[in-house]
file query32.cif (mmCIF, C-alpha atoms and all ligand atoms)
data_my_file
#
loop_
_atom_site.group_PDB
_atom_site.id
_atom_site.type_symbol
_atom_site.label_atom_id
_atom_site.label_comp_id
_atom_site.auth_asym_id
_atom_site.auth_seq_id
_atom_site.Cartn_x
_atom_site.Cartn_y
_atom_site.Cartn_z
ATOM 1 C CA MET A 153 111.775 103.033 88.895
ATOM 2 C CA ALA A 154 108.981 100.687 87.932
ATOM 3 C CA THR A 155 105.610 100.099 89.577
ATOM 4 C CA TYR A 156 104.007 96.664 89.552
ATOM 5 C CA ASN A 157 100.362 95.874 90.306
ATOM 6 C CA VAL A 158 99.960 92.580 92.126
ATOM 7 C CA THR A 159 96.613 90.832 91.696
ATOM 8 C CA GLY A 160 97.342 87.332 92.974
ATOM 9 C CA VAL A 161 99.743 85.219 94.974
ATOM 10 C CA ARG A 162 101.214 81.780 94.501
ATOM 11 C CA LYS A 163 101.852 79.686 97.598
ATOM 12 C CA ALA A 164 104.054 76.754 98.499
ATOM 13 C CA LEU A 165 104.032 74.342 101.440
ATOM 14 C CA SER A 166 106.444 75.382 104.201
ATOM 15 C CA ASP A 167 109.485 73.247 104.999
ATOM 16 C CA ASP A 168 107.787 71.929 108.168
ATOM 17 C CA PHE A 169 104.504 71.223 106.291
ATOM 18 C CA THR A 170 102.449 73.330 108.760
ATOM 19 C CA HIS A 171 101.236 76.047 106.377
ATOM 20 C CA ARG A 172 101.389 77.434 102.885
ATOM 21 C CA HIS A 173 103.245 80.693 102.400
ATOM 22 C CA ILE A 174 103.912 83.034 99.509
ATOM 23 C CA GLU A 175 106.479 81.818 96.982
ATOM 24 C CA GLY A 176 105.620 84.399 94.352
ATOM 25 C CA VAL A 177 103.073 86.883 93.071
ATOM 26 C CA CYS A 178 101.211 87.516 89.830
ATOM 27 C CA THR A 179 100.867 90.963 88.298
ATOM 28 C CA ASP A 180 98.007 92.419 86.274
ATOM 29 C CA ASP A 181 99.748 91.361 83.050
ATOM 30 C CA HIS A 182 99.427 87.736 84.292
ATOM 31 C CA ALA A 183 103.173 87.348 84.753
ATOM 32 C CA HIS A 184 104.481 85.333 87.701
ATOM 33 C CA HIS A 185 107.330 86.766 89.778
ATOM 34 C CA ALA A 186 109.185 84.656 92.334
ATOM 35 C CA LEU A 187 109.370 85.945 95.924
ATOM 36 C CA MET A 188 113.115 86.597 95.707
ATOM 37 C CA THR A 189 112.632 88.575 92.482
ATOM 38 C CA VAL A 190 110.051 90.803 94.186
ATOM 39 C CA VAL A 191 112.294 91.287 97.247
ATOM 40 C CA ALA A 192 115.260 92.278 95.071
ATOM 41 C CA SER A 193 113.104 94.652 93.029
ATOM 42 C CA ILE A 194 111.690 96.409 96.118
ATOM 43 C CA LYS A 195 115.178 96.739 97.597
ATOM 44 C CA ALA A 196 116.304 98.266 94.310
ATOM 45 C CA GLY A 197 113.611 100.937 94.623
ATOM 46 C CA ASP A 198 110.712 99.583 92.566
ATOM 47 C CA THR A 199 107.168 99.821 93.932
ATOM 48 C CA TRP A 200 104.937 96.757 94.222
ATOM 49 C CA ILE A 201 101.286 97.391 95.045
ATOM 50 C CA SER A 202 98.698 94.756 95.850
ATOM 51 C CA LYS A 203 95.318 95.552 94.312
ATOM 52 C CA ALA A 204 92.457 93.276 95.310
ATOM 53 C CA GLY A 205 88.982 93.585 96.792
ATOM 54 C CA GLY A 206 89.065 97.365 96.455
ATOM 55 C CA TYR A 207 92.221 97.652 98.554
ATOM 56 C CA GLU A 208 95.543 99.055 97.414
ATOM 57 C CA LYS A 209 98.511 98.380 99.670
ATOM 58 C CA THR A 210 102.221 98.868 99.152
ATOM 59 C CA ILE A 211 104.096 95.603 99.572
ATOM 60 C CA LYS A 212 106.943 95.692 102.098
ATOM 61 C CA VAL A 213 109.938 93.428 102.573
ATOM 62 C CA VAL A 214 110.052 91.886 106.049
ATOM 63 C CA SER A 215 112.607 89.643 107.714
ATOM 64 C CA LYS A 216 110.530 86.464 107.750
ATOM 65 C CA CYS A 217 107.212 84.702 107.192
ATOM 66 C CA PRO A 218 104.798 85.619 110.057
ATOM 67 C CA GLN A 219 103.926 82.019 110.913
ATOM 68 C CA PRO A 220 105.519 80.944 114.226
ATOM 69 C CA GLY A 221 108.692 78.948 113.737
ATOM 70 C CA CYS A 222 108.853 79.479 109.981
ATOM 71 C CA LYS A 223 112.321 80.237 108.665
ATOM 72 C CA ALA A 224 111.281 81.520 105.235
ATOM 73 C CA SER A 225 113.274 84.731 104.901
ATOM 74 C CA PRO A 226 113.114 87.378 103.633
ATOM 75 C CA TYR A 227 109.379 87.620 103.058
ATOM 76 C CA ILE A 228 106.817 90.155 101.824
ATOM 77 C CA GLU A 229 103.643 91.516 103.412
ATOM 78 C CA THR A 230 101.030 94.255 103.376
ATOM 79 C CA SER A 231 98.740 93.999 106.446
ATOM 80 C CA PRO A 232 99.703 90.582 107.829
ATOM 81 C CA TRP A 233 96.963 90.311 110.482
ATOM 82 C CA SER A 234 94.040 91.490 108.379
ATOM 83 C CA LEU A 235 91.377 88.974 107.389
ATOM 84 C CA ARG A 236 90.553 90.929 104.226
ATOM 85 C CA LYS A 237 92.259 91.388 100.890
ATOM 86 C CA ASP A 238 94.376 94.251 102.211
ATOM 87 C CA ASN A 239 96.443 91.316 103.497
ATOM 88 C CA LEU A 240 98.681 89.968 100.745
ATOM 89 C CA GLU A 241 98.145 86.458 102.145
ATOM 90 C CA HIS A 242 94.451 86.659 101.179
ATOM 91 C CA LEU A 243 94.785 87.550 97.528
ATOM 92 C CA ASP A 244 93.372 85.053 95.050
ATOM 93 C CA LEU A 245 95.765 82.300 94.109
ATOM 94 C CA CYS A 246 97.325 82.524 90.673
HETATM 95 ZN ZN ZN B 1 106.072 80.393 106.349
#

call {"tool": "encode", "arguments": {"input": "query32.cif", "output": "structure tokens", "more": "lines below"}}
Ligand SMILES: [Zn+2]
result
Amino acid sequence: MATYNVTGVRKALSDDFTHRHIEGVCTDDHAHHALMTVVASIKAGDTWISKAGGYEKTIKVVSKCPQPGCKASPYIETSPWSLRKDNLEHLDLC
């Protein structure tokens, strides 16, 4: 099983134009991985860790984007309510 180190996120505008949510991540080798690729990899047993701002958090697959009313599903998160970089949403854009 592989381990991937995530250092950035790429975001896209939601279908209802109210927010931007994660559409993919970037790893420390500067490769971009689409959200669905990451979800499939985690479900297959690989480990994806976000590393930013001194935090290391294991990325989890969740049923949907945390924004109210958003239907993006499945989705990925670390600490969705944190204001720091232990929250995948707050990683630098890539
Ligand atoms: Zn969303």

call {"tool": "residues_near_ligand", "arguments": {"input": "query32.cif", "ligand": "ligand ZN 1 (chain B)", "cutoff": "12 Å", "atoms": "only C-alpha atoms and all ligand atoms", "output": "list of chain:residue names"}}
result
A:Lys163, A:Ala164, A:Leu165, A:Ser166, A:Asp167, A:Asp168, A:Phe169, A:Thr170, A:His171, A:Arg172, A:His173, A:Ile174, A:Glu175, A:Ser215, A:Lys216, A:Cys217, A:Pro218, A:Gln219, A:Pro220, A:Gly221, A:Cys222, A:Lys223, A:Ala224, A:Ser225, A:Pro226, A:Tyr227, A:Ile228, A:Glu229, A:Glu241

call {"tool": "resolve_selection", "arguments": {"input": "query32.cif", "expression": "the PyMOL selection byres (((chain A and resi 182-199) around 7) and not hetatm)", "output": "PyMOL selection string"}}
result
chain A and resi 153-156+175-181+200-201+213

call {"tool": "axis_aligned_box", "arguments": {"input": "query32.cif", "around": "range 173-176 of chain A", "padding_each_side": "8 Å", "output": "lines of an AutoDock Vina configuration file"}}
result
center_x = 104.9
center_y = 82.5
center_z = 98.4
size_x = 19.2
size_y = 19.7
size_z = 24.0

call {"tool": "resolve_selection", "arguments": {"input": "query32.cif", "expression": "the PyMOL selection byres (((chain A and resi 208) around 10) and not hetatm)", "output": "PyMOL selection string"}}
result
chain A and resi 157-158+201-207+209-211+230+237-239

call {"tool": "write_last_selection", "arguments": {"input": "query32.cif", "atoms": "C-alpha atoms", "output": "compact mmCIF listing (two decimals), in the coordinates of the input"}}
result
# COMPACT_ATOMS: atom_id res chain seq x y z
CA ASN A 157 100.36 95.87 90.31
CA VAL A 158 99.96 92.58 92.13
CA ILE A 201 101.29 97.39 95.04
CA SER A 202 98.70 94.76 95.85
CA LYS A 203 95.32 95.55 94.31
CA ALA A 204 92.46 93.28 95.31
CA GLY A 205 88.98 93.58 96.79
CA GLY A 206 89.06 97.36 96.46
CA TYR A 207 92.22 97.65 98.55
CA LYS A 209 98.51 98.38 99.67
CA THR A 210 102.22 98.87 99.15
CA ILE A 211 104.10 95.60 99.57
CA THR A 230 101.03 94.26 103.38
CA LYS A 237 92.26 91.39 100.89
CA ASP A 238 94.38 94.25 102.21
CA ASN A 239 96.44 91.32 103.50

call {"tool": "resolve_selection", "arguments": {"input": "query32.cif", "expression": "the PyMOL selection byres (((chain A and resi 243) around 7) and not hetatm)", "output": "ChimeraX atom specification"}}
result
/A:159-161,204,237,240-242,244-245
